[in-house]
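Engineer: Please find coords32.cif (mmCIF, C-alpha atoms) on the next line:
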data_work
loop_
_atom_site.label_atom_id
_atom_site.label_comp_id
_atom_site.auth_asym_id
_atom_site.auth_seq_id
_atom_site.Cartn_x
_atom_site.Cartn_y
_atom_site.Cartn_z
CA MET A 1 -14.05 -3.72 -20.97
CA ALA A 2 -10.43 -4.10 -19.85
CA ASN A 3 -7.45 -5.91 -21.35
CA ILE A 4 -6.23 -8.47 -18.80
CA LEU A 5 -3.11 -10.62 -19.12
CA VAL A 6 -3.28 -13.98 -17.29
CA VAL A 7 0.10 -15.64 -16.70
CA ASP A 8 0.00 -19.19 -15.31
CA ASP A 9 1.74 -22.43 -16.31
CA GLU A 10 -1.35 -24.52 -15.49
CA MET A 11 -3.65 -24.73 -18.48
CA GLY A 12 -6.70 -25.43 -16.32
CA ILE A 13 -6.12 -22.26 -14.28
CA ARG A 14 -5.61 -20.17 -17.41
CA GLU A 15 -8.78 -21.45 -19.02
CA LEU A 16 -10.85 -21.04 -15.84
CA LEU A 17 -9.71 -17.45 -15.26
CA SER A 18 -10.19 -16.65 -18.93
CA GLU A 19 -13.75 -17.97 -18.86
CA ILE A 20 -14.69 -16.11 -15.68
CA LEU A 21 -13.19 -12.78 -16.74
CA SER A 22 -14.51 -13.06 -20.30
CA ASP A 23 -17.99 -13.50 -18.86
CA GLU A 24 -17.40 -10.20 -17.02
CA GLY A 25 -16.83 -8.53 -20.39
CA HIS A 26 -13.03 -8.31 -20.36
CA ALA A 27 -10.61 -9.13 -23.19
CA ILE A 28 -8.19 -11.82 -22.00
CA GLN A 29 -4.66 -12.55 -23.16
CA LEU A 30 -3.00 -15.77 -21.96
CA ALA A 31 0.64 -16.64 -21.28
CA GLU A 32 1.88 -19.97 -19.93
CA ASN A 33 5.36 -18.80 -18.88
CA ALA A 34 7.47 -15.72 -18.22
CA GLN A 35 8.79 -15.50 -21.79
CA GLN A 36 5.30 -15.35 -23.25
CA ALA A 37 4.42 -12.75 -20.62
CA ARG A 38 7.44 -10.65 -21.65
CA GLU A 39 6.35 -10.83 -25.28
CA ALA A 40 2.79 -9.84 -24.36
CA ARG A 41 4.05 -6.88 -22.31
CA ALA A 42 6.34 -5.82 -25.17
CA GLY A 43 3.22 -5.49 -27.33
CA GLY A 44 1.76 -2.91 -24.95
CA ALA A 45 0.80 -2.59 -21.32
CA PRO A 46 -2.42 -4.45 -20.40
CA ASP A 47 -4.86 -2.85 -17.99
CA LEU A 48 -4.16 -5.58 -15.41
CA VAL A 49 -1.95 -8.65 -14.98
CA LEU A 50 -2.76 -11.81 -13.02
CA LEU A 51 0.68 -13.36 -12.44
CA ASP A 52 1.42 -16.80 -11.02
CA ILE A 53 4.42 -16.98 -8.69
CA TRP A 54 5.65 -20.51 -9.31
CA MET A 55 6.46 -21.12 -12.99
CA PRO A 56 9.07 -23.46 -14.51
CA ASP A 57 11.32 -21.04 -16.42
CA THR A 58 11.24 -17.77 -14.48
CA ASP A 59 9.13 -17.33 -11.37
CA GLY A 60 6.59 -14.52 -11.09
CA VAL A 61 8.49 -12.53 -8.46
CA THR A 62 11.60 -12.48 -10.67
CA LEU A 63 9.51 -11.34 -13.64
CA LEU A 64 7.93 -8.63 -11.48
CA LYS A 65 11.45 -7.43 -10.54
CA GLU A 66 12.40 -7.33 -14.23
CA TRP A 67 9.41 -5.18 -15.11
CA GLN A 68 10.07 -2.88 -12.15
CA ARG A 69 13.77 -2.56 -13.06
CA ASP A 70 13.05 -1.84 -16.73
CA GLY A 71 10.29 0.69 -16.05
CA LEU A 72 7.62 -1.68 -17.42
CA LEU A 73 5.63 -2.05 -14.20
CA THR A 74 3.11 0.56 -15.31
CA MET A 75 0.02 -1.59 -14.78
CA PRO A 76 -1.48 -3.18 -11.64
CA VAL A 77 -0.24 -6.74 -11.02
CA ILE A 78 -2.05 -9.28 -8.86
CA MET A 79 0.11 -12.22 -7.77
CA MET A 80 -1.32 -15.76 -7.48
CA SER A 81 -0.01 -18.89 -5.80
CA GLY A 82 -1.08 -21.99 -3.96
CA HIS A 83 2.25 -22.52 -2.21
CA ALA A 84 3.71 -19.07 -1.53
CA THR A 85 4.82 -18.07 1.94
CA ILE A 86 3.90 -14.83 3.68
CA ASP A 87 7.46 -13.59 3.03
CA THR A 88 7.02 -14.16 -0.69
CA ALA A 89 3.73 -12.25 -0.73
CA VAL A 90 5.29 -9.37 1.23
CA GLU A 91 8.27 -9.25 -1.13
CA ALA A 92 5.99 -9.11 -4.17
CA THR A 93 4.01 -6.28 -2.60
CA ARG A 94 7.23 -4.42 -1.78
CA ILE A 95 8.37 -4.68 -5.39
CA GLY A 96 5.09 -3.26 -6.65
CA ALA A 97 2.40 -5.95 -6.78
CA LEU A 98 -1.04 -4.58 -5.92
CA ASN A 99 -2.50 -7.70 -4.32
CA PHE A 100 -1.98 -11.41 -3.66
CA LEU A 101 -4.51 -14.19 -4.21
CA GLU A 102 -4.10 -17.64 -2.74
CA LYS A 103 -5.14 -20.65 -4.86
CA PRO A 104 -7.72 -22.05 -5.09
CA ILE A 105 -9.07 -18.57 -5.72
CA ALA A 106 -12.60 -17.86 -4.52
CA LEU A 107 -14.74 -16.25 -7.22
CA GLN A 108 -15.75 -13.22 -5.16
CA LYS A 109 -12.16 -12.57 -4.06
CA LEU A 110 -11.01 -12.76 -7.68
CA LEU A 111 -13.66 -10.35 -8.96
CA LYS A 112 -13.09 -7.92 -6.08
CA ALA A 113 -9.30 -7.92 -6.59
CA VAL A 114 -9.70 -7.42 -10.34
CA GLN A 115 -12.12 -4.53 -9.83
CA GLN A 116 -9.76 -2.87 -7.34
CA GLY A 117 -6.88 -3.29 -9.78
CA LEU A 118 -8.80 -1.79 -12.67
CA THR A 119 -9.94 1.10 -10.47
CA ARG A 120 -6.30 1.77 -9.55
CA ALA A 121 -5.35 1.68 -13.24
CA GLN A 122 -8.06 4.22 -14.10
CA GLU A 123 -6.96 6.52 -11.28
CA THR A 124 -3.38 6.39 -12.58
CA VAL A 125 -4.50 7.26 -16.10
CA ARG A 126 -6.62 10.18 -14.85
CA ALA A 127 -3.84 11.57 -12.64
CA PRO A 128 -2.46 14.81 -14.16
CA ALA A 129 1.13 14.82 -15.34
CA LEU A 130 3.55 16.70 -13.13
CA ALA A 131 4.56 20.07 -14.53
CA PRO A 132 8.31 20.74 -15.02
CA ARG A 133 9.93 22.42 -12.03
CA PRO A 134 10.45 26.16 -12.73
CA ALA A 135 13.97 27.60 -12.81
CA ALA A 136 13.20 29.80 -9.80
CA PRO A 137 10.94 27.73 -7.50
CA ALA A 138 8.18 29.64 -5.78
CA PRO A 139 5.45 28.49 -3.38
CA ALA A 140 2.36 27.18 -5.12
CA GLU A 141 -1.05 26.55 -3.60
CA GLU A 142 -3.02 23.49 -4.68
CA ALA A 143 -6.21 21.76 -3.52
CA ASN A 144 -5.90 18.47 -1.69
CA GLY A 145 -9.26 17.07 -2.80
CA PHE A 146 -11.04 17.93 0.45
CA GLY A 147 -11.45 21.67 -0.12
CA GLN A 148 -8.32 22.48 1.88
CA PRO A 149 -5.24 24.11 0.33
CA ILE A 150 -1.84 22.46 0.32
CA LEU A 151 1.16 24.77 0.12
CA VAL A 152 4.15 23.18 -1.59
CA ALA A 153 7.42 25.10 -1.53
CA ALA A 154 10.42 23.68 -3.35
CA GLY A 155 13.72 24.09 -1.54
CA ALA A 156 17.07 24.93 -3.04
CA ARG A 157 18.66 21.73 -1.71
CA GLY A 158 16.42 19.25 -3.47
CA GLY A 159 13.57 19.14 -1.01
CA ALA A 160 10.09 20.49 -0.38
CA GLN A 161 8.05 21.79 2.52
CA VAL A 162 4.38 20.83 2.59
CA VAL A 163 1.91 22.84 4.71
CA ALA A 164 -1.45 21.05 4.80
CA GLY A 165 -4.84 22.70 5.02
CA GLY A 166 -3.58 25.99 6.40
CA ASP A 167 -2.93 24.19 9.70
CA SER A 168 0.17 24.58 11.79
CA HIS A 169 1.40 21.18 10.58
CA SER A 170 4.31 21.39 8.14
CA PHE A 171 6.44 18.59 6.78
CA ASN A 172 9.79 18.43 5.03
CA LEU A 173 10.29 16.00 2.15
CA SER A 174 13.59 15.40 0.37
CA PHE A 175 13.58 15.00 -3.42
CA ASP A 176 16.88 13.13 -3.11
CA LEU A 177 15.12 10.03 -1.76
CA PRO A 178 14.44 7.07 -4.08
CA LEU A 179 10.92 7.32 -5.52
CA ARG A 180 9.44 4.54 -3.37
CA GLU A 181 10.87 6.03 -0.15
CA ALA A 182 9.69 9.53 -1.10
CA ARG A 183 6.21 8.20 -1.82
CA ASP A 184 6.09 6.34 1.51
CA ALA A 185 7.27 9.49 3.30
CA PHE A 186 4.55 11.59 1.67
CA GLU A 187 1.85 8.99 2.39
CA ARG A 188 3.00 8.87 6.02
CA MET A 189 2.64 12.67 6.26
CA TYR A 190 -0.75 12.49 4.54
CA PHE A 191 -2.23 9.92 6.92
CA GLU A 192 -0.69 11.49 10.02
CA HIS A 193 -2.26 14.82 8.99
CA HIS A 194 -5.76 13.36 8.59
CA LEU A 195 -5.49 11.20 11.72
CA GLY A 196 -4.53 14.31 13.65
CA ARG A 197 -7.45 16.31 12.24
CA GLU A 198 -9.94 13.53 12.96
CA GLY A 199 -8.67 12.76 16.46
CA GLY A 200 -7.53 9.28 15.44
CA SER A 201 -11.00 8.22 14.23
CA MET A 202 -10.41 5.46 11.68
CA THR A 203 -13.98 5.74 10.45
CA ARG A 204 -13.69 9.42 9.60
CA VAL A 205 -10.19 9.01 8.12
CA ALA A 206 -11.46 6.17 5.93
CA GLU A 207 -14.23 8.45 4.66
CA LYS A 208 -11.81 11.33 4.08
CA THR A 209 -9.24 9.25 2.20
CA GLY A 210 -11.72 7.08 0.28
CA LEU A 211 -10.23 3.83 1.59
CA GLU A 212 -11.94 0.81 3.08
CA ARG A 213 -11.16 0.42 6.80
CA THR A 214 -9.34 -2.90 6.20
CA HIS A 215 -7.19 -1.34 3.50
CA LEU A 216 -6.57 1.70 5.71
CA TYR A 217 -5.43 -0.42 8.67
CA ARG A 218 -3.12 -2.42 6.39
CA LYS A 219 -1.70 0.76 4.84
CA LEU A 220 -1.03 2.40 8.21
CA LYS A 221 0.70 -0.73 9.47
CA GLN A 222 2.85 -0.85 6.34
CA LEU A 223 3.86 2.80 6.83
CA GLY A 224 4.47 2.41 10.57
CA VAL A 225 1.78 4.94 11.50
CA GLU A 226 0.15 4.35 14.92
CA PRO A 227 -3.31 6.02 15.14
CA GLY A 228 -3.49 5.64 18.92
CA LYS A 229 -0.32 7.63 19.54
CA LEU A 230 -1.40 10.38 17.15
CA ALA A 231 -4.79 10.66 18.85
CA LYS A 232 -3.14 11.09 22.28
CA LYS A 233 -0.64 13.59 20.87
CA ASN A 234 -3.40 15.76 19.42
CA ALA A 235 -5.79 15.39 22.36
#
Can you give me the file's structure in the form of C-alpha coordinates?
Structural biologist:
Amino acid sequence: MANILVVDDEMGIRELLSEILSDEGHAIQLAENAQQAREARAGGAPDLVLLDIWMPDTDGVTLLKEWQRDGLLTMPVIMMSGHATIDTAVEATRIGALNFLEKPIALQKLLKAVQQGLTRAQETVRAPALAPRPAAPAPAEEANGFGQPILVAAGARGGAQVVAGGDSHSFNLSFDLPLREARDAFERMYFEHHLGREGGSMTRVAEKTGLERTHLYRKLKQLGVEPGKLAKKNA
(Lines of atoms letter the chains of each structure in order from A and count residues from 1; the text may use other names and numbers.)
(Lines give C-alpha, C1' and ligand atoms only; values in the text may rest on other atoms or scores of the structure.)
Protein backbone atom coordinates (compact mmCIF):
# COMPACT_ATOMS: atom_id res chain seq x y z
CA MET A 1 0.00 0.00 0.00
CA ALA A 2 1.29 3.47 -0.92
CA ASN A 3 0.33 6.96 0.24
CA ILE A 4 -0.79 8.94 -2.81
CA LEU A 5 -1.66 12.65 -2.87
CA VAL A 6 -4.20 13.65 -5.55
CA VAL A 7 -4.29 17.38 -6.33
CA ASP A 8 -7.09 18.55 -8.64
CA ASP A 9 -9.63 21.39 -8.44
CA GLU A 10 -12.38 19.26 -10.02
CA MET A 11 -14.23 17.30 -7.37
CA GLY A 12 -15.35 14.65 -9.85
CA ILE A 13 -11.75 13.95 -10.91
CA ARG A 14 -10.58 13.76 -7.29
CA GLU A 15 -13.32 11.35 -6.33
CA LEU A 16 -12.81 9.16 -9.41
CA LEU A 17 -9.05 8.88 -8.91
CA SER A 18 -9.53 8.27 -5.20
CA GLU A 19 -11.98 5.44 -5.88
CA ILE A 20 -9.77 3.78 -8.50
CA LEU A 21 -6.57 3.98 -6.47
CA SER A 22 -8.29 2.99 -3.22
CA ASP A 23 -9.54 -0.14 -4.97
CA GLU A 24 -5.88 -0.86 -5.80
CA GLY A 25 -5.12 -0.83 -2.06
CA HIS A 26 -3.55 2.62 -1.76
CA ALA A 27 -4.19 5.27 0.90
CA ILE A 28 -5.38 8.46 -0.79
CA GLN A 29 -5.07 12.06 0.37
CA LEU A 30 -7.00 14.73 -1.54
CA ALA A 31 -6.26 18.42 -2.17
CA GLU A 32 -8.39 20.74 -4.28
CA ASN A 33 -5.80 23.51 -4.72
CA ALA A 34 -2.12 24.32 -4.37
CA GLN A 35 -2.44 25.59 -0.79
CA GLN A 36 -3.98 22.34 0.41
CA ALA A 37 -1.25 20.48 -1.48
CA ARG A 38 1.42 22.55 0.30
CA GLU A 39 -0.15 21.73 3.66
CA ALA A 40 -0.30 18.03 2.79
CA ARG A 41 3.37 18.04 1.72
CA ALA A 42 4.34 19.88 4.92
CA GLY A 43 2.90 16.93 6.86
CA GLY A 44 5.32 14.54 5.17
CA ALA A 45 6.27 13.41 1.71
CA PRO A 46 3.72 11.07 0.08
CA ASP A 47 4.93 8.12 -1.97
CA LEU A 48 3.48 9.69 -5.13
CA VAL A 49 1.67 12.85 -6.22
CA LEU A 50 -0.89 13.19 -9.03
CA LEU A 51 -0.86 16.94 -9.75
CA ASP A 52 -3.26 18.84 -12.00
CA ILE A 53 -1.67 21.62 -14.08
CA TRP A 54 -4.54 24.08 -14.35
CA MET A 55 -5.82 25.18 -10.93
CA PRO A 56 -7.39 28.52 -9.92
CA ASP A 57 -4.95 29.79 -7.27
CA THR A 58 -1.53 28.44 -8.24
CA ASP A 59 -1.03 26.21 -11.26
CA GLY A 60 0.62 22.81 -10.94
CA VAL A 61 3.82 23.75 -12.79
CA THR A 62 4.37 26.71 -10.43
CA LEU A 63 3.80 24.44 -7.42
CA LEU A 64 6.24 21.91 -8.87
CA LYS A 65 8.84 24.70 -9.19
CA GLU A 66 8.25 25.68 -5.56
CA TRP A 67 8.83 22.14 -4.34
CA GLN A 68 11.93 21.81 -6.51
CA ARG A 69 13.31 25.16 -5.28
CA ASP A 70 12.67 24.36 -1.61
CA GLY A 71 14.10 20.83 -1.78
CA LEU A 72 10.65 19.28 -1.30
CA LEU A 73 10.50 17.45 -4.63
CA THR A 74 11.59 14.19 -3.04
CA MET A 75 8.72 12.09 -4.35
CA PRO A 76 7.63 11.17 -7.91
CA VAL A 77 5.09 13.60 -9.38
CA ILE A 78 2.78 12.78 -12.28
CA MET A 79 1.25 15.83 -13.97
CA MET A 80 -2.33 15.79 -15.31
CA SER A 81 -4.18 18.10 -17.68
CA GLY A 82 -6.80 18.17 -20.37
CA HIS A 83 -5.58 21.40 -21.96
CA ALA A 84 -1.79 21.47 -21.56
CA THR A 85 0.47 22.01 -24.54
CA ILE A 86 3.51 19.91 -25.39
CA ASP A 87 5.71 22.79 -24.18
CA THR A 88 4.01 22.71 -20.79
CA ALA A 89 4.50 18.96 -20.47
CA VAL A 90 8.17 19.28 -21.46
CA GLU A 91 8.70 22.09 -18.95
CA ALA A 92 7.15 20.03 -16.15
CA THR A 93 9.39 17.09 -17.03
CA ARG A 94 12.44 19.37 -17.08
CA ILE A 95 11.61 20.65 -13.60
CA GLY A 96 11.33 17.13 -12.24
CA ALA A 97 7.93 15.61 -13.05
CA LEU A 98 8.14 11.89 -13.74
CA ASN A 99 5.29 11.62 -16.23
CA PHE A 100 2.37 13.45 -17.84
CA LEU A 101 -1.18 12.13 -18.25
CA GLU A 102 -3.69 13.73 -20.58
CA LYS A 103 -7.33 13.94 -19.43
CA PRO A 104 -9.57 12.07 -19.77
CA ILE A 105 -7.14 9.55 -18.33
CA ALA A 106 -7.46 5.97 -19.53
CA LEU A 107 -7.56 3.48 -16.65
CA GLN A 108 -4.65 1.36 -17.88
CA LYS A 109 -2.47 4.43 -18.50
CA LEU A 110 -3.23 5.68 -15.00
CA LEU A 111 -2.40 2.39 -13.30
CA LYS A 112 0.77 1.92 -15.37
CA ALA A 113 2.00 5.46 -14.61
CA VAL A 114 1.25 5.04 -10.89
CA GLN A 115 3.09 1.71 -10.77
CA GLN A 116 6.11 3.21 -12.54
CA GLY A 117 6.10 6.12 -10.11
CA LEU A 118 5.94 3.89 -7.06
CA THR A 119 8.71 1.69 -8.47
CA ARG A 120 10.87 4.79 -8.91
CA ALA A 121 10.11 5.84 -5.32
CA GLN A 122 11.14 2.42 -4.00
CA GLU A 123 14.38 2.50 -6.00
CA THR A 124 15.19 5.91 -4.53
CA VAL A 125 14.58 4.68 -1.00
CA ARG A 126 16.76 1.60 -1.56
CA ALA A 127 19.62 3.59 -3.09
CA PRO A 128 22.57 3.74 -0.66
CA ALA A 129 23.55 7.11 0.73
CA LEU A 130 26.72 8.59 -0.70
CA ALA A 131 29.70 8.34 1.64
CA PRO A 132 31.50 11.59 2.55
CA ARG A 133 34.42 12.38 0.26
CA PRO A 134 37.74 11.52 1.99
CA ALA A 135 40.27 14.26 2.71
CA ALA A 136 42.79 12.63 0.37
CA PRO A 137 40.77 11.22 -2.57
CA ALA A 138 41.96 7.89 -3.90
CA PRO A 139 40.62 5.68 -6.71
CA ALA A 140 37.85 3.36 -5.61
CA GLU A 141 36.47 0.37 -7.49
CA GLU A 142 32.75 -0.31 -7.43
CA ALA A 143 30.37 -2.67 -9.24
CA ASN A 144 28.07 -1.24 -11.87
CA GLY A 145 25.30 -3.81 -11.43
CA PHE A 146 26.33 -5.89 -14.44
CA GLY A 147 29.35 -7.63 -12.90
CA GLN A 148 31.76 -5.09 -14.38
CA PRO A 149 33.89 -2.77 -12.22
CA ILE A 150 33.65 1.00 -12.42
CA LEU A 151 36.74 2.94 -11.39
CA VAL A 152 35.93 6.37 -9.96
CA ALA A 153 38.83 8.70 -9.27
CA ALA A 154 38.15 12.07 -7.69
CA GLY A 155 40.21 14.92 -9.07
CA ALA A 156 41.75 17.78 -7.18
CA ARG A 157 39.85 20.39 -9.21
CA GLY A 158 36.34 19.28 -8.35
CA GLY A 159 35.90 16.58 -10.95
CA ALA A 160 36.02 12.83 -11.43
CA GLN A 161 37.25 10.36 -14.01
CA VAL A 162 35.09 7.30 -14.60
CA VAL A 163 36.57 4.19 -16.26
CA ALA A 164 33.79 1.72 -17.07
CA GLY A 165 34.09 -2.05 -17.08
CA GLY A 166 37.86 -2.13 -17.42
CA ASP A 167 37.41 -0.98 -21.03
CA SER A 168 39.47 1.68 -22.71
CA HIS A 169 36.55 4.12 -22.38
CA SER A 170 37.11 6.83 -19.78
CA PHE A 171 35.01 9.89 -19.08
CA ASN A 172 35.59 13.12 -17.20
CA LEU A 173 32.80 14.58 -15.07
CA SER A 174 32.97 17.93 -13.29
CA PHE A 175 31.55 18.19 -9.77
CA ASP A 176 31.17 21.94 -10.34
CA LEU A 177 28.15 21.40 -12.60
CA PRO A 178 24.63 21.94 -11.23
CA LEU A 179 23.17 18.62 -10.03
CA ARG A 180 20.77 18.19 -12.96
CA GLU A 181 23.50 18.86 -15.54
CA ALA A 182 25.93 16.51 -13.75
CA ARG A 183 23.28 13.79 -13.67
CA ASP A 184 22.51 14.25 -17.38
CA ALA A 185 26.24 14.12 -18.16
CA PHE A 186 26.67 10.88 -16.22
CA GLU A 187 23.59 9.30 -17.82
CA ARG A 188 24.91 10.29 -21.24
CA MET A 189 28.22 8.55 -20.47
CA TYR A 190 26.36 5.52 -19.11
CA PHE A 191 24.20 5.01 -22.20
CA GLU A 192 27.02 5.75 -24.64
CA HIS A 193 29.12 3.11 -22.86
CA HIS A 194 26.45 0.40 -23.12
CA LEU A 195 25.50 1.34 -26.69
CA GLY A 196 29.16 1.02 -27.63
CA ARG A 197 29.48 -2.37 -25.93
CA GLU A 198 26.31 -3.69 -27.56
CA GLY A 199 27.06 -2.35 -31.04
CA GLY A 200 24.10 0.02 -30.93
CA SER A 201 21.55 -2.78 -30.30
CA MET A 202 18.61 -1.12 -28.57
CA THR A 203 17.22 -4.50 -27.56
CA ARG A 204 20.36 -5.55 -25.73
CA VAL A 205 20.85 -2.10 -24.17
CA ALA A 206 17.24 -2.16 -22.93
CA GLU A 207 17.92 -5.53 -21.29
CA LYS A 208 21.19 -4.31 -19.77
CA THR A 209 19.75 -1.09 -18.35
CA GLY A 210 16.38 -2.53 -17.28
CA LEU A 211 14.40 0.00 -19.31
CA GLU A 212 11.52 -0.54 -21.69
CA ARG A 213 12.49 0.20 -25.31
CA THR A 214 10.03 3.13 -25.51
CA HIS A 215 11.44 4.65 -22.34
CA LEU A 216 14.98 4.04 -23.59
CA TYR A 217 14.33 5.77 -26.93
CA ARG A 218 12.76 8.73 -25.12
CA LYS A 219 15.66 8.93 -22.66
CA LEU A 220 18.30 8.84 -25.40
CA LYS A 221 16.50 11.55 -27.34
CA GLN A 222 16.29 13.70 -24.21
CA LEU A 223 20.04 13.29 -23.61
CA GLY A 224 20.97 13.86 -27.26
CA VAL A 225 22.50 10.41 -27.67
CA GLU A 226 22.34 8.99 -31.22
CA PRO A 227 22.64 5.15 -31.23
CA GLY A 228 23.29 4.99 -34.97
CA LYS A 229 26.38 7.18 -34.80
CA LEU A 230 27.76 5.25 -31.83
CA ALA A 231 27.26 1.94 -33.63
CA LYS A 232 29.20 3.19 -36.69
CA LYS A 233 31.93 4.65 -34.47
CA ASN A 234 32.46 1.34 -32.69
CA ALA A 235 32.09 -0.85 -35.78
Engineer: On this structure, which residues satisfy the PyMOL selection byres ((chain A and resi 99) around 9), written as a PyMOL selection string?
Structural biologist: chain A and resi 76-80+89+92-93+97-98+100-101+113+117
Engineer: Which distance in Å separates CA of Leu223 (chain A) and CA of Glu187 (chain A), to one decimal?
Structural biologist: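 Taking CA of Leu223 (chain A) and CA of Glu187 (chain A), their separation equals 7.9 Å.
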Engineer: Using all atoms listed in the file, determine which residues lie at most 8 Å from region 33-36 of chain A, disregarding the query and same-chain residues fewer than 5 positions distant; provide the list as a list of chain:residue names.
Structural biologist: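 Near neighbours after the sequence-gap exclusion: A:Val7, A:Asp8, A:Asp9, A:Met55, A:Pro56, A:Asp57, A:Thr58, A:Asp59, A:Gly60, A:Leu63.
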Engineer: May I have the residues from that selection written out with C-alpha atoms, as a short mmCIF file (atom, residue, chain, number, x, y, z; two decimals), in the frame of the given file?
Structural biologist:
data_model
loop_
_atom_site.label_atom_id
_atom_site.label_comp_id
_atom_site.auth_asym_id
_atom_site.auth_seq_id
_atom_site.Cartn_x
_atom_site.Cartn_y
_atom_site.Cartn_z
CA VAL A 7 0.10 -15.64 -16.70
CA ASP A 8 0.00 -19.19 -15.31
CA ASP A 9 1.74 -22.43 -16.31
CA MET A 55 6.46 -21.12 -12.99
CA PRO A 56 9.07 -23.46 -14.51
CA ASP A 57 11.32 -21.04 -16.42
CA THR A 58 11.24 -17.77 -14.48
CA ASP A 59 9.13 -17.33 -11.37
CA GLY A 60 6.59 -14.52 -11.09
CA LEU A 63 9.51 -11.34 -13.64
#
Engineer: With all atoms listed in the file as the basis for distance, which of A:His26, A:Lys112, A:Arg213, A:Lys103 is at the shortest distance from Ala84 (chain A)?
Structural biologist: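 Smallest separation from Ala84 (chain A) among the options: A:Lys103.
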Engineer: Quick one: of A:Arg94, A:Lys65, A:Arg120, A:His83, who's nearest to Leu211 (chain A), counting all atoms listed in the file?
Structural biologist: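 Ranking A:Arg94, A:Lys65, A:Arg120, A:His83 by distance to Leu211 (chain A), first place goes to A:Arg120.
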Engineer: Write out as a ChimeraX atom specification which residues come within 9 Å of Met75 (chain A) when counting only C-alpha atoms, dropping same-chain ones fewer than 3 positions away.
Structural biologist: /A:45-49,72,117,120-121,124
Engineer: Could you check how far CA of Leu220 (chain A) sits from CA of Leu107 (chain A), in Å to one decimal?
Structural biologist: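 Those two atoms sit 27.8 Å apart.
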Engineer: Which residues are near Lys219 (chain A)? Cut-off 12 Å, only C-alpha atoms, ignore same chain within fewer than 2 positions. Put them as a PyMOL selection string.
Structural biologist: chain A and resi 93+184+187-188+190-192+206+209+211-217+221-227
Engineer: List as a PyMOL selection string the protein and nucleic acid residues near Leu73 (chain A), meaning an atom at most 8 Å away when all atoms listed in the file are counted, but skip any in the same chain fewer than 3 places from it.
Structural biologist: chain A and resi 64+67-68+70+76+96
Engineer: Can you put all heavy atoms back into region 183-194 of chain A and show it as a tab-separated table (two decimals), in the frame of the given file?
Structural biologist:
chain	number	residue	atom	x	y	z
A	183	ARG	N	7.65	8.42	-1.82
A	183	ARG	CA	6.21	8.20	-1.82
A	183	ARG	C	5.72	7.74	-0.46
A	183	ARG	O	4.70	8.23	0.05
A	183	ARG	CB	5.85	7.15	-2.88
A	183	ARG	CG	4.35	6.91	-3.02
A	183	ARG	CD	4.08	5.86	-4.08
A	183	ARG	NE	4.64	4.58	-3.70
A	183	ARG	CZ	4.74	3.54	-4.52
A	183	ARG	NH1	4.36	3.66	-5.78
A	183	ARG	NH2	5.25	2.39	-4.11
A	184	ASP	N	6.47	6.80	0.17
A	184	ASP	CA	6.09	6.34	1.51
A	184	ASP	C	6.13	7.48	2.51
A	184	ASP	O	5.26	7.59	3.39
A	184	ASP	CB	7.03	5.21	1.96
A	184	ASP	CG	6.78	3.91	1.23
A	184	ASP	OD1	5.74	3.81	0.54
A	184	ASP	OD2	7.62	2.99	1.33
A	185	ALA	N	7.15	8.35	2.37
A	185	ALA	CA	7.27	9.49	3.30
A	185	ALA	C	6.08	10.43	3.15
A	185	ALA	O	5.51	10.91	4.13
A	185	ALA	CB	8.58	10.23	3.04
A	186	PHE	N	5.69	10.70	1.89
A	186	PHE	CA	4.55	11.59	1.67
A	186	PHE	C	3.26	10.96	2.20
A	186	PHE	O	2.45	11.63	2.84
A	186	PHE	CB	4.39	11.90	0.19
A	186	PHE	CG	3.18	12.74	-0.10
A	186	PHE	CD1	3.18	14.10	0.13
A	186	PHE	CD2	2.01	12.16	-0.58
A	186	PHE	CE1	2.05	14.88	-0.10
A	186	PHE	CE2	0.88	12.92	-0.82
A	186	PHE	CZ	0.91	14.29	-0.58
A	187	GLU	N	3.06	9.65	1.92
A	187	GLU	CA	1.85	8.99	2.39
A	187	GLU	C	1.80	9.00	3.92
A	187	GLU	O	0.73	9.15	4.51
A	187	GLU	CB	1.78	7.56	1.85
A	187	GLU	CG	1.51	7.50	0.35
A	187	GLU	CD	1.35	6.07	-0.14
A	187	GLU	OE1	1.72	5.14	0.61
A	187	GLU	OE2	0.86	5.89	-1.27
A	188	ARG	N	2.96	8.84	4.56
A	188	ARG	CA	3.00	8.87	6.02
A	188	ARG	C	2.55	10.25	6.53
A	188	ARG	O	1.74	10.35	7.46
A	188	ARG	CB	4.42	8.55	6.49
A	188	ARG	CG	4.52	8.19	7.97
A	188	ARG	CD	5.92	7.74	8.34
A	188	ARG	NE	6.29	6.52	7.62
A	188	ARG	CZ	7.23	6.47	6.68
A	188	ARG	NH1	7.90	7.54	6.34
A	188	ARG	NH2	7.50	5.32	6.09
A	189	MET	N	3.07	11.31	5.90
A	189	MET	CA	2.64	12.67	6.26
A	189	MET	C	1.13	12.84	6.06
A	189	MET	O	0.42	13.41	6.90
A	189	MET	CB	3.35	13.70	5.38
A	189	MET	CG	4.84	13.75	5.48
A	189	MET	SD	5.45	14.93	4.26
A	189	MET	CE	7.16	14.41	4.12
A	190	TYR	N	0.65	12.33	4.92
A	190	TYR	CA	-0.75	12.49	4.54
A	190	TYR	C	-1.67	11.86	5.59
A	190	TYR	O	-2.62	12.50	6.08
A	190	TYR	CB	-0.96	11.84	3.17
A	190	TYR	CG	-2.39	11.79	2.69
A	190	TYR	CD1	-2.97	12.86	2.04
A	190	TYR	CD2	-3.15	10.64	2.86
A	190	TYR	CE1	-4.27	12.81	1.58
A	190	TYR	CE2	-4.46	10.56	2.42
A	190	TYR	CZ	-5.01	11.65	1.77
A	190	TYR	OH	-6.30	11.58	1.32
A	191	PHE	N	-1.37	10.61	5.96
A	191	PHE	CA	-2.23	9.92	6.92
A	191	PHE	C	-2.09	10.50	8.32
A	191	PHE	O	-3.08	10.58	9.06
A	191	PHE	CB	-1.93	8.42	6.91
A	191	PHE	CG	-2.45	7.71	5.69
A	191	PHE	CD1	-1.57	7.14	4.77
A	191	PHE	CD2	-3.81	7.62	5.43
A	191	PHE	CE1	-2.04	6.49	3.64
A	191	PHE	CE2	-4.29	6.98	4.30
A	191	PHE	CZ	-3.40	6.42	3.40
A	192	GLU	N	-0.87	10.89	8.70
A	192	GLU	CA	-0.69	11.49	10.02
A	192	GLU	C	-1.48	12.80	10.11
A	192	GLU	O	-2.06	13.11	11.15
A	192	GLU	CB	0.80	11.73	10.28
A	192	GLU	CG	1.57	10.45	10.56
A	192	GLU	CD	3.04	10.71	10.77
A	192	GLU	OE1	3.50	11.86	10.52
A	192	GLU	OE2	3.75	9.77	11.17
A	193	HIS	N	-1.50	13.57	9.01
A	193	HIS	CA	-2.26	14.82	8.99
A	193	HIS	C	-3.74	14.56	9.23
A	193	HIS	O	-4.37	15.19	10.08
A	193	HIS	CB	-2.06	15.51	7.65
A	193	HIS	CG	-3.02	16.64	7.39
A	193	HIS	ND1	-2.96	17.84	8.06
A	193	HIS	CD2	-4.08	16.73	6.54
A	193	HIS	CE1	-3.94	18.63	7.64
A	193	HIS	NE2	-4.63	17.98	6.72
A	194	HIS	N	-4.33	13.62	8.48
A	194	HIS	CA	-5.76	13.36	8.59
A	194	HIS	C	-6.12	12.68	9.92
A	194	HIS	O	-7.18	12.96	10.49
A	194	HIS	CB	-6.24	12.53	7.40
A	194	HIS	CG	-6.38	13.32	6.15
A	194	HIS	ND1	-7.32	14.32	5.98
A	194	HIS	CD2	-5.66	13.31	5.00
A	194	HIS	CE1	-7.19	14.87	4.79
A	194	HIS	NE2	-6.20	14.27	4.18
